[in-house]
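As stored in my_file-v5.pdb (PDB, C-alpha atoms and all ligand atoms):
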```
ATOM      1  CA  MET W  65       9.724  -4.939 -17.633  1.00  0.00           C
ATOM      2  CA  THR W  66       8.266  -7.496 -15.287  1.00  0.00           C
ATOM      3  CA  PHE W  67       7.441  -6.688 -11.709  1.00  0.00           C
ATOM      4  CA  GLN W  68       7.416  -9.035  -8.769  1.00  0.00           C
ATOM      5  CA  ALA W  69       7.201  -8.438  -5.006  1.00  0.00           C
ATOM      6  CA  ARG W  70       6.556 -10.751  -2.068  1.00  0.00           C
ATOM      7  CA  THR W  71       4.940 -10.616   1.317  1.00  0.00           C
ATOM      8  CA  GLU W  72       4.830 -13.382   3.888  1.00  0.00           C
ATOM      9  CA  ARG W  73       2.095 -15.314   2.036  1.00  0.00           C
ATOM     10  CA  LEU W  74       1.684 -13.546  -1.293  1.00  0.00           C
ATOM     11  CA  ARG W  75       3.299 -12.650  -4.587  1.00  0.00           C
ATOM     12  CA  LEU W  76       2.375  -9.453  -6.452  1.00  0.00           C
ATOM     13  CA  ARG W  77       3.366  -9.646 -10.097  1.00  0.00           C
ATOM     14  CA  SER W  78       2.888  -8.226 -13.590  1.00  0.00           C
ATOM     15  CA  TRP W  79       0.024  -9.445 -15.762  1.00  0.00           C
ATOM     16  CA  GLN W  80       0.721 -11.935 -18.515  1.00  0.00           C
ATOM     17  CA  ALA W  81      -1.447 -12.454 -21.581  1.00  0.00           C
ATOM     18  CA  ASP W  82      -2.966 -15.714 -20.348  1.00  0.00           C
ATOM     19  CA  ASP W  83      -4.035 -14.150 -17.012  1.00  0.00           C
ATOM     20  CA  CYS W  84      -6.901 -12.308 -18.689  1.00  0.00           C
ATOM     21  CA  ARG W  85      -9.325 -15.234 -19.075  1.00  0.00           C
ATOM     22  CA  ARG W  86      -8.363 -16.883 -15.796  1.00  0.00           C
ATOM     23  CA  PHE W  87      -8.934 -13.676 -13.841  1.00  0.00           C
ATOM     24  CA  TYR W  88     -12.333 -13.168 -15.461  1.00  0.00           C
ATOM     25  CA  ASP W  89     -13.431 -16.714 -14.700  1.00  0.00           C
ATOM     26  CA  ILE W  90     -12.666 -16.533 -10.980  1.00  0.00           C
ATOM     27  CA  MET W  91     -13.594 -12.895 -10.319  1.00  0.00           C
ATOM     28  CA  ASN W  92     -16.723 -12.179 -12.324  1.00  0.00           C
ATOM     29  CA  THR W  93     -19.257 -13.022  -9.611  1.00  0.00           C
ATOM     30  CA  PRO W  94     -22.167 -10.893  -8.328  1.00  0.00           C
ATOM     31  CA  ALA W  95     -20.527 -10.591  -4.874  1.00  0.00           C
ATOM     32  CA  VAL W  96     -17.106  -9.480  -6.152  1.00  0.00           C
ATOM     33  CA  MET W  97     -18.686  -7.081  -8.637  1.00  0.00           C
ATOM     34  CA  GLN W  98     -21.427  -5.779  -6.307  1.00  0.00           C
ATOM     35  CA  TRP W  99     -19.915  -2.272  -6.069  1.00  0.00           C
ATOM     36  CA  LEU W 100     -18.192  -2.330  -9.454  1.00  0.00           C
ATOM     37  CA  GLY W 101     -21.191  -2.195 -11.731  1.00  0.00           C
ATOM     38  CA  GLY W 102     -22.217  -5.860 -11.512  1.00  0.00           C
ATOM     39  CA  VAL W 103     -20.955  -8.825 -13.502  1.00  0.00           C
ATOM     40  CA  GLN W 104     -19.261  -7.916 -16.763  1.00  0.00           C
ATOM     41  CA  ALA W 105     -19.190  -9.260 -20.292  1.00  0.00           C
ATOM     42  CA  TYR W 106     -15.807 -10.778 -21.127  1.00  0.00           C
ATOM     43  CA  GLU W 107     -15.150  -8.142 -23.803  1.00  0.00           C
ATOM     44  CA  LYS W 108     -15.585  -5.348 -21.263  1.00  0.00           C
ATOM     45  CA  TRP W 109     -13.219  -7.019 -18.800  1.00  0.00           C
ATOM     46  CA  CYS W 110     -10.651  -7.403 -21.614  1.00  0.00           C
ATOM     47  CA  GLU W 111     -10.731  -3.622 -22.075  1.00  0.00           C
ATOM     48  CA  GLY W 112      -9.955  -3.296 -18.349  1.00  0.00           C
ATOM     49  CA  PHE W 113      -7.146  -5.811 -18.719  1.00  0.00           C
ATOM     50  CA  GLU W 114      -5.651  -3.715 -21.541  1.00  0.00           C
ATOM     51  CA  ARG W 115      -5.815  -0.629 -19.354  1.00  0.00           C
ATOM     52  CA  LEU W 116      -4.062  -2.399 -16.476  1.00  0.00           C
ATOM     53  CA  GLN W 117      -1.246  -3.489 -18.781  1.00  0.00           C
ATOM     54  CA  GLY W 118      -1.061   0.061 -20.152  1.00  0.00           C
ATOM     55  CA  TYR W 119      -0.598   1.541 -16.667  1.00  0.00           C
ATOM     56  CA  GLU W 120       2.399  -0.677 -16.044  1.00  0.00           C
ATOM     57  CA  ARG W 121       3.863   0.204 -19.425  1.00  0.00           C
ATOM     58  CA  ASP W 122       3.315   3.947 -18.917  1.00  0.00           C
ATOM     59  CA  PHE W 123       4.058   4.390 -15.203  1.00  0.00           C
ATOM     60  CA  GLY W 124       5.885   1.239 -14.068  1.00  0.00           C
ATOM     61  CA  PHE W 125       3.098   0.105 -11.741  1.00  0.00           C
ATOM     62  CA  THR W 126      -0.451  -1.161 -11.945  1.00  0.00           C
ATOM     63  CA  PHE W 127      -3.023  -3.147  -9.996  1.00  0.00           C
ATOM     64  CA  TRP W 128      -0.843  -6.276  -9.998  1.00  0.00           C
ATOM     65  CA  ILE W 129      -1.970  -9.905  -9.925  1.00  0.00           C
ATOM     66  CA  VAL W 130      -1.868 -11.354  -6.402  1.00  0.00           C
ATOM     67  CA  GLU W 131      -1.036 -15.050  -5.989  1.00  0.00           C
ATOM     68  CA  ARG W 132      -0.643 -17.235  -2.917  1.00  0.00           C
ATOM     69  CA  LEU W 133       2.977 -18.385  -2.555  1.00  0.00           C
ATOM     70  CA  ASP W 134       2.008 -21.790  -1.166  1.00  0.00           C
ATOM     71  CA  ASP W 135       0.173 -23.053  -4.235  1.00  0.00           C
ATOM     72  CA  ASP W 136       0.443 -20.230  -6.851  1.00  0.00           C
ATOM     73  CA  GLU W 137      -3.350 -19.786  -6.716  1.00  0.00           C
ATOM     74  CA  MET W 138      -4.535 -16.518  -8.263  1.00  0.00           C
ATOM     75  CA  LEU W 139      -6.364 -14.568  -5.542  1.00  0.00           C
ATOM     76  CA  GLY W 140      -7.077 -11.221  -7.183  1.00  0.00           C
ATOM     77  CA  PHE W 141      -5.349  -7.945  -7.835  1.00  0.00           C
ATOM     78  CA  CYS W 142      -3.882  -5.204  -5.672  1.00  0.00           C
ATOM     79  CA  GLY W 143      -1.568  -2.347  -6.487  1.00  0.00           C
ATOM     80  CA  LEU W 144      -1.115   1.200  -7.648  1.00  0.00           C
ATOM     81  CA  LYS W 145      -2.109   3.411 -10.524  1.00  0.00           C
ATOM     82  CA  ARG W 146      -2.641   7.075 -11.309  1.00  0.00           C
ATOM     83  CA  LEU W 147      -6.142   8.193 -10.376  1.00  0.00           C
ATOM     84  CA  ASN W 148      -7.968   8.740 -13.652  1.00  0.00           C
ATOM     85  CA  TYR W 149     -11.724   8.710 -12.998  1.00  0.00           C
ATOM     86  CA  GLU W 150     -13.883  11.147 -14.920  1.00  0.00           C
ATOM     87  CA  GLY W 151     -15.102  13.776 -12.472  1.00  0.00           C
ATOM     88  CA  ALA W 152     -12.392  13.256  -9.819  1.00  0.00           C
ATOM     89  CA  PRO W 153     -10.884  16.542  -8.542  1.00  0.00           C
ATOM     90  CA  ASN W 154      -7.333  15.093  -8.202  1.00  0.00           C
ATOM     91  CA  PRO W 155      -6.379  13.287 -11.412  1.00  0.00           C
ATOM     92  CA  GLY W 156      -2.871  11.843 -11.378  1.00  0.00           C
ATOM     93  CA  GLU W 157      -2.835  11.229  -7.619  1.00  0.00           C
ATOM     94  CA  MET W 158      -1.257   7.901  -6.596  1.00  0.00           C
ATOM     95  CA  GLU W 159      -4.145   5.466  -6.065  1.00  0.00           C
ATOM     96  CA  ILE W 160      -4.213   2.099  -4.331  1.00  0.00           C
ATOM     97  CA  GLY W 161      -6.817  -0.494  -5.316  1.00  0.00           C
ATOM     98  CA  TRP W 162      -7.788  -4.125  -4.692  1.00  0.00           C
ATOM     99  CA  ARG W 163     -10.166  -6.870  -5.787  1.00  0.00           C
ATOM    100  CA  PHE W 164     -10.051 -10.421  -4.405  1.00  0.00           C
ATOM    101  CA  ARG W 165     -11.952 -13.606  -5.252  1.00  0.00           C
ATOM    102  CA  GLU W 166     -14.628 -14.586  -2.754  1.00  0.00           C
ATOM    103  CA  SER W 167     -12.838 -17.700  -1.513  1.00  0.00           C
ATOM    104  CA  ALA W 168      -9.915 -15.480  -0.446  1.00  0.00           C
ATOM    105  CA  TRP W 169     -11.951 -12.993   1.605  1.00  0.00           C
ATOM    106  CA  GLY W 170     -11.605 -12.675   5.360  1.00  0.00           C
ATOM    107  CA  LYS W 171      -8.078 -14.113   5.593  1.00  0.00           C
ATOM    108  CA  GLY W 172      -6.154 -10.867   5.739  1.00  0.00           C
ATOM    109  CA  TYR W 173      -4.806 -11.293   2.201  1.00  0.00           C
ATOM    110  CA  ALA W 174      -6.144  -7.952   0.962  1.00  0.00           C
ATOM    111  CA  ARG W 175      -4.588  -6.124   3.882  1.00  0.00           C
ATOM    112  CA  GLU W 176      -1.268  -7.943   3.457  1.00  0.00           C
ATOM    113  CA  ALA W 177      -1.095  -7.088  -0.244  1.00  0.00           C
ATOM    114  CA  ALA W 178      -2.218  -3.499   0.348  1.00  0.00           C
ATOM    115  CA  GLU W 179       0.420  -2.914   3.041  1.00  0.00           C
ATOM    116  CA  LYS W 180       3.029  -3.971   0.470  1.00  0.00           C
ATOM    117  CA  ALA W 181       1.538  -1.700  -2.184  1.00  0.00           C
ATOM    118  CA  LEU W 182       1.639   1.271   0.217  1.00  0.00           C
ATOM    119  CA  GLU W 183       5.272   0.521   1.032  1.00  0.00           C
ATOM    120  CA  LEU W 184       6.062   0.470  -2.691  1.00  0.00           C
ATOM    121  CA  ALA W 185       4.140   3.706  -3.294  1.00  0.00           C
ATOM    122  CA  PHE W 186       6.115   5.595  -0.688  1.00  0.00           C
ATOM    123  CA  GLU W 187       9.519   3.913  -0.792  1.00  0.00           C
ATOM    124  CA  ARG W 188       9.924   2.983  -4.447  1.00  0.00           C
ATOM    125  CA  TYR W 189       7.621   5.216  -6.471  1.00  0.00           C
ATOM    126  CA  GLY W 190       8.036   8.455  -4.516  1.00  0.00           C
ATOM    127  CA  ALA W 191       4.395   9.157  -3.605  1.00  0.00           C
ATOM    128  CA  ALA W 192       3.744  11.929  -1.097  1.00  0.00           C
ATOM    129  CA  ARG W 193       0.292  10.536  -0.396  1.00  0.00           C
ATOM    130  CA  VAL W 194      -1.957   7.753  -1.627  1.00  0.00           C
ATOM    131  CA  SER W 195      -5.708   7.754  -2.241  1.00  0.00           C
ATOM    132  CA  ALA W 196      -8.224   4.909  -2.215  1.00  0.00           C
ATOM    133  CA  VAL W 197     -11.593   5.424  -3.859  1.00  0.00           C
ATOM    134  CA  THR W 198     -14.894   3.710  -3.181  1.00  0.00           C
ATOM    135  CA  VAL W 199     -18.619   4.301  -2.869  1.00  0.00           C
ATOM    136  CA  GLY W 200     -20.597   4.617   0.353  1.00  0.00           C
ATOM    137  CA  GLY W 201     -22.003   1.092   0.367  1.00  0.00           C
ATOM    138  CA  ASN W 202     -18.691  -0.747   0.067  1.00  0.00           C
ATOM    139  CA  THR W 203     -18.050  -1.285   3.768  1.00  0.00           C
ATOM    140  CA  ALA W 204     -15.514  -4.100   3.187  1.00  0.00           C
ATOM    141  CA  SER W 205     -13.304  -1.784   1.166  1.00  0.00           C
ATOM    142  CA  GLN W 206     -13.791   1.102   3.607  1.00  0.00           C
ATOM    143  CA  THR W 207     -12.856  -1.086   6.576  1.00  0.00           C
ATOM    144  CA  LEU W 208      -9.667  -2.104   4.802  1.00  0.00           C
ATOM    145  CA  MET W 209      -8.860   1.566   4.141  1.00  0.00           C
ATOM    146  CA  LEU W 210      -9.327   2.383   7.822  1.00  0.00           C
ATOM    147  CA  ARG W 211      -7.153  -0.572   8.875  1.00  0.00           C
ATOM    148  CA  LEU W 212      -4.420   0.785   6.595  1.00  0.00           C
ATOM    149  CA  GLY W 213      -4.591   4.084   8.468  1.00  0.00           C
ATOM    150  CA  MET W 214      -6.331   5.964   5.672  1.00  0.00           C
ATOM    151  CA  ILE W 215      -8.632   8.863   6.517  1.00  0.00           C
ATOM    152  CA  GLU W 216     -11.536  10.106   4.430  1.00  0.00           C
ATOM    153  CA  ASP W 217     -11.285  13.587   2.913  1.00  0.00           C
ATOM    154  CA  PRO W 218     -14.907  14.618   2.206  1.00  0.00           C
ATOM    155  CA  ALA W 219     -13.623  17.521   0.085  1.00  0.00           C
ATOM    156  CA  LEU W 220     -12.407  14.991  -2.525  1.00  0.00           C
ATOM    157  CA  ALA W 221     -15.796  13.265  -2.998  1.00  0.00           C
ATOM    158  CA  TYR W 222     -17.065  13.570  -6.565  1.00  0.00           C
ATOM    159  CA  HIS W 223     -19.730  12.461  -8.993  1.00  0.00           C
ATOM    160  CA  ASP W 224     -18.220   9.522 -10.848  1.00  0.00           C
ATOM    161  CA  ALA W 225     -19.328   9.296 -14.449  1.00  0.00           C
ATOM    162  CA  VAL W 226     -19.580   5.491 -14.358  1.00  0.00           C
ATOM    163  CA  TYR W 227     -20.659   4.584 -10.810  1.00  0.00           C
ATOM    164  CA  SER W 228     -22.337   7.500  -9.023  1.00  0.00           C
ATOM    165  CA  GLU W 229     -25.749   7.281 -10.622  1.00  0.00           C
ATOM    166  CA  ARG W 230     -26.065   3.770  -9.227  1.00  0.00           C
ATOM    167  CA  TYR W 231     -24.114   3.991  -5.958  1.00  0.00           C
ATOM    168  CA  GLY W 232     -23.906   7.668  -4.982  1.00  0.00           C
ATOM    169  CA  PRO W 233     -20.791   9.842  -4.712  1.00  0.00           C
ATOM    170  CA  ALA W 234     -17.335   8.363  -5.077  1.00  0.00           C
ATOM    171  CA  ARG W 235     -15.410   8.992  -1.845  1.00  0.00           C
ATOM    172  CA  GLN W 236     -11.677   9.112  -1.148  1.00  0.00           C
ATOM    173  CA  TRP W 237      -9.571   7.944   1.780  1.00  0.00           C
ATOM    174  CA  LEU W 238      -5.964   9.151   2.013  1.00  0.00           C
ATOM    175  CA  ILE W 239      -2.704   8.486   3.783  1.00  0.00           C
ATOM    176  CA  THR W 240       0.417  10.638   3.568  1.00  0.00           C
ATOM    177  CA  LYS W 241       3.974   9.334   3.632  1.00  0.00           C
ATOM    178  CA  TYR W 242       4.398  10.985   7.027  1.00  0.00           C
ATOM    179  CA  GLU W 243       1.300   9.252   8.431  1.00  0.00           C
ATOM    180  CA  TRP W 244       2.378   5.928   6.940  1.00  0.00           C
ATOM    181  CA  ARG W 245       5.866   6.171   8.486  1.00  0.00           C
ATOM    182  CA  ALA W 246       4.377   7.134  11.850  1.00  0.00           C
ATOM    183  CA  ARG W 247       2.430   3.855  11.854  1.00  0.00           C
ATOM    184  CA  GLY W 248       5.769   2.029  12.074  1.00  0.00           C
TER
HETATM  185  C1  LIG W 301     -12.538  -5.278  -0.173  1.00  0.00           C
HETATM  186  C2  LIG W 301     -11.928  -6.664  -0.184  1.00  0.00           C
HETATM  187  C3  LIG W 301     -10.673  -6.648  -1.044  1.00  0.00           C
HETATM  188  C4  LIG W 301     -11.562  -7.057   1.256  1.00  0.00           C
HETATM  189  O1  LIG W 301     -10.980  -8.334   1.205  1.00  0.00           O
HETATM  190  P1  LIG W 301     -10.727  -9.257   2.486  1.00  0.00           P
HETATM  191  O2  LIG W 301      -9.861 -10.368   2.027  1.00  0.00           O
HETATM  192  O3  LIG W 301     -11.992  -9.619   3.139  1.00  0.00           O
HETATM  193  O4  LIG W 301      -9.893  -8.249   3.415  1.00  0.00           O
HETATM  194  P2  LIG W 301      -9.026  -8.641   4.687  1.00  0.00           P
HETATM  195  O5  LIG W 301      -9.279 -10.048   5.101  1.00  0.00           O
HETATM  196  O6  LIG W 301      -7.608  -8.225   4.439  1.00  0.00           O
HETATM  197  O7  LIG W 301      -9.684  -7.695   5.788  1.00  0.00           O
HETATM  198  C5  LIG W 301      -9.352  -6.325   5.959  1.00  0.00           C
HETATM  199  C6  LIG W 301     -10.264  -5.732   7.018  1.00  0.00           C
HETATM  200  O8  LIG W 301     -11.557  -5.503   6.437  1.00  0.00           O
HETATM  201  C7  LIG W 301     -12.555  -6.131   7.228  1.00  0.00           C
HETATM  202  N1  LIG W 301     -13.660  -6.563   6.353  1.00  0.00           N
HETATM  203  C8  LIG W 301     -13.577  -7.394   5.277  1.00  0.00           C
HETATM  204  N2  LIG W 301     -14.800  -7.554   4.734  1.00  0.00           N
HETATM  205  C9  LIG W 301     -15.656  -6.796   5.487  1.00  0.00           C
HETATM  206  C10 LIG W 301     -17.050  -6.544   5.414  1.00  0.00           C
HETATM  207  N3  LIG W 301     -17.821  -7.106   4.482  1.00  0.00           N
HETATM  208  N4  LIG W 301     -17.604  -5.697   6.333  1.00  0.00           N
HETATM  209  C11 LIG W 301     -16.831  -5.109   7.286  1.00  0.00           C
HETATM  210  N5  LIG W 301     -15.496  -5.323   7.393  1.00  0.00           N
HETATM  211  C12 LIG W 301     -14.924  -6.158   6.508  1.00  0.00           C
HETATM  212  C13 LIG W 301     -11.841  -7.297   7.862  1.00  0.00           C
HETATM  213  O9  LIG W 301     -12.522  -7.776   9.025  1.00  0.00           O
HETATM  214  C14 LIG W 301     -10.503  -6.688   8.190  1.00  0.00           C
HETATM  215  O10 LIG W 301     -10.580  -5.901   9.363  1.00  0.00           O
HETATM  216  P3  LIG W 301      -9.967  -6.463  10.744  1.00  0.00           P
HETATM  217  O11 LIG W 301      -8.494  -6.506  10.525  1.00  0.00           O
HETATM  218  O12 LIG W 301     -10.380  -5.470  11.743  1.00  0.00           O
HETATM  219  O13 LIG W 301     -10.548  -7.818  10.950  1.00  0.00           O
HETATM  220  C15 LIG W 301     -12.935  -7.729  -0.735  1.00  0.00           C
HETATM  221  O14 LIG W 301     -14.121  -7.633   0.001  1.00  0.00           O
HETATM  222  C16 LIG W 301     -13.240  -7.590  -2.217  1.00  0.00           C
HETATM  223  O15 LIG W 301     -12.466  -8.024  -3.064  1.00  0.00           O
HETATM  224  N6  LIG W 301     -14.417  -7.021  -2.560  1.00  0.00           N
HETATM  225  C17 LIG W 301     -14.883  -6.987  -3.934  1.00  0.00           C
HETATM  226  C18 LIG W 301     -14.103  -6.032  -4.836  1.00  0.00           C
HETATM  227  C19 LIG W 301     -14.158  -4.617  -4.364  1.00  0.00           C
HETATM  228  O16 LIG W 301     -15.196  -4.116  -3.955  1.00  0.00           O
HETATM  229  N7  LIG W 301     -12.992  -3.959  -4.454  1.00  0.00           N
HETATM  230  C20 LIG W 301     -12.848  -2.603  -4.006  1.00  0.00           C
HETATM  231  C21 LIG W 301     -13.408  -1.640  -4.936  1.00  0.00           C
HETATM  232  S1  LIG W 301     -13.241  -0.003  -4.240  1.00  0.00           S
END
```

Could you spell out this file's structure in structure tokens?
Amino acid sequence: MTFQARTERLRLRSWQADDCRRFYDIMNTPAVMQWLGGVQAYEKWCEGFERLQGYERDFGFTFWIVERLDDDEMLGFCGLKRLNYEGAPNPGEMEIGWRFRESAWGKGYAREAAEKALELAFERYGAARVSAVTVGGNTASQTLMLRLGMIEDPALAYHDAVYSERYGPARQWLITKYEWRARG
């Protein structure tokens, strides 16, 4: 099954085999990876790529590739998966996530893609609420969460097996279907 959705400026779509290398080449920078463990070896990213493809196969959604409609440029990923971090108190919760290349920052692309992903979570995939996870230092990601109308639930903070030693507790921001609809 291949997925595709559009916003005013963007396309969200399924991963294809030849996206793996291209994504790594444009995204593996110290700034993009600052709160994600730092730059990665290609082999490690390929494991992540396999997981992303597996989510779509198993659940029908994943953190999809985001491209600009104008020129088909790959900008990053944004989408949905089931929360599956070791140590998280709410495994299986619908999770929204994003990662954009540096040259695409500050243009509202992440917010545009994330608004679409929230719409899909609630209207197509039947989520009652959606979580976004990040660490305390990632203010860019937290600002995006707030702009989406998400609210932090301190009770869902946890010690993440991969990231917390380096960055502190993983924290969660949430929005319910009711809150999302009320935003209009
Ligand atoms: C988080 C990220 C996707 C935001 O991308 P972006 O393209 O800059 O986001 P947008 O342009 O849609 O901006 C969304 C809001 O966040 C704000 N914002 C973006 N970067 C910010 C920063 N560094 N500090 C504070 N606010 C920031 C924007 O100003 C905007 O708010 P506004 O509408 O009030 O102006 C991007 O920084 C990124 O890819 N980071 C690296 C990967 C990452 O950390 N992913 C998340 C892991 S949890």

I'd like a table as JSON lines: residues in chain W with an atom no more than 7 Å from ligand LIG 301 (chain W), each row giving the shortest atom pair and its distance in Å to one decimal, only C-alpha atoms and all ligand atoms counted, sorted by chain and rising residue number.
```
{"residue": "W:Ala95", "atom": "CA", "partner": "W:LIG301", "partner_atom": "C17", "distance": 6.8}
{"residue": "W:Val96", "atom": "CA", "partner": "W:LIG301", "partner_atom": "C17", "distance": 4.0}
{"residue": "W:Met97", "atom": "CA", "partner": "W:LIG301", "partner_atom": "C18", "distance": 6.0}
{"residue": "W:Gln98", "atom": "CA", "partner": "W:LIG301", "partner_atom": "O16", "distance": 6.9}
{"residue": "W:Trp99", "atom": "CA", "partner": "W:LIG301", "partner_atom": "O16", "distance": 5.5}
{"residue": "W:Leu100", "atom": "CA", "partner": "W:LIG301", "partner_atom": "O16", "distance": 6.5}
{"residue": "W:Gly161", "atom": "CA", "partner": "W:LIG301", "partner_atom": "C20", "distance": 6.5}
{"residue": "W:Trp162", "atom": "CA", "partner": "W:LIG301", "partner_atom": "N7", "distance": 5.2}
{"residue": "W:Arg163", "atom": "CA", "partner": "W:LIG301", "partner_atom": "O15", "distance": 3.7}
{"residue": "W:Phe164", "atom": "CA", "partner": "W:LIG301", "partner_atom": "O15", "distance": 3.7}
{"residue": "W:Arg165", "atom": "CA", "partner": "W:LIG301", "partner_atom": "O15", "distance": 6.0}
{"residue": "W:Glu166", "atom": "CA", "partner": "W:LIG301", "partner_atom": "O15", "distance": 6.9}
{"residue": "W:Ala168", "atom": "CA", "partner": "W:LIG301", "partner_atom": "O2", "distance": 5.7}
{"residue": "W:Trp169", "atom": "CA", "partner": "W:LIG301", "partner_atom": "O2", "distance": 3.4}
{"residue": "W:Gly170", "atom": "CA", "partner": "W:LIG301", "partner_atom": "O5", "distance": 3.5}
{"residue": "W:Lys171", "atom": "CA", "partner": "W:LIG301", "partner_atom": "O5", "distance": 4.3}
{"residue": "W:Gly172", "atom": "CA", "partner": "W:LIG301", "partner_atom": "O6", "distance": 3.3}
{"residue": "W:Tyr173", "atom": "CA", "partner": "W:LIG301", "partner_atom": "O6", "distance": 4.7}
{"residue": "W:Ala174", "atom": "CA", "partner": "W:LIG301", "partner_atom": "O6", "distance": 3.8}
{"residue": "W:Arg175", "atom": "CA", "partner": "W:LIG301", "partner_atom": "O6", "distance": 3.7}
{"residue": "W:Glu176", "atom": "CA", "partner": "W:LIG301", "partner_atom": "O6", "distance": 6.4}
{"residue": "W:Val197", "atom": "CA", "partner": "W:LIG301", "partner_atom": "S1", "distance": 5.7}
{"residue": "W:Thr198", "atom": "CA", "partner": "W:LIG301", "partner_atom": "S1", "distance": 4.2}
{"residue": "W:Asn202", "atom": "CA", "partner": "W:LIG301", "partner_atom": "O16", "distance": 6.3}
{"residue": "W:Thr203", "atom": "CA", "partner": "W:LIG301", "partner_atom": "N4", "distance": 5.1}
{"residue": "W:Ala204", "atom": "CA", "partner": "W:LIG301", "partner_atom": "C9", "distance": 3.5}
{"residue": "W:Ser205", "atom": "CA", "partner": "W:LIG301", "partner_atom": "C1", "distance": 3.8}
{"residue": "W:Thr207", "atom": "CA", "partner": "W:LIG301", "partner_atom": "O8", "distance": 4.6}
{"residue": "W:Leu208", "atom": "CA", "partner": "W:LIG301", "partner_atom": "O8", "distance": 4.2}
{"residue": "W:Arg211", "atom": "CA", "partner": "W:LIG301", "partner_atom": "O11", "distance": 6.3}
```

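Minimum distance to Gly124 of chain W across W:Arg73, W:Arg188, W:Arg230, W:Arg85 (counting only C-alpha atoms) occurs at W:Arg188.
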
Inset, instruction - Name all residues at most 10 Å from Ser78 of chain W (count only C-alpha atoms; drop same-chain ones fewer than 3 positions away) and give them as a PyMOL selection string. - result: chain W and resi 65-69+83+116-117+120+124-130

Legend entry - Cys110 of chain W environment, 12 Å, only C-alpha atoms, sequence neighbours closer than 2 positions dropped, as a PyMOL selection string: chain W and resi 81-89+104-108+112-117

Legend entry - Residue nearest Trp79 of chain W - candidates W:Glu243, W:Glu187, W:Glu131, W:Asp217, atoms counted: all atoms listed in the file: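 Smallest distance to Trp79 of chain W is found for W:Glu131.
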
Inset, instruction - Record the distance separating atom CA of Thr240 of chain W and atom CA of Val194 of chain W, expressed in Å with one decimal. - result: 6.4 Å

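Across the structure, atom CA of Ala246 of chain W and atom CA of Gly213 of chain W are spaced 10.1 Å apart.
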
Inset, instruction - Identify all residues satisfying the PyMOL selection byres (((chain W and resi 195) around 8) and not hetatm) in the given file; provide them as an MDAnalysis selection string. - result: chainID W and resid 157:160 193:194 196:197 236:239

Legend entry - Length of the atom CA of Glu72 of chain W to atom CA of Glu179 of chain W vector [Å]: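 Spanning atom CA of Glu72 of chain W to atom CA of Glu179 of chain W is a straight-line distance of 11.4 Å.
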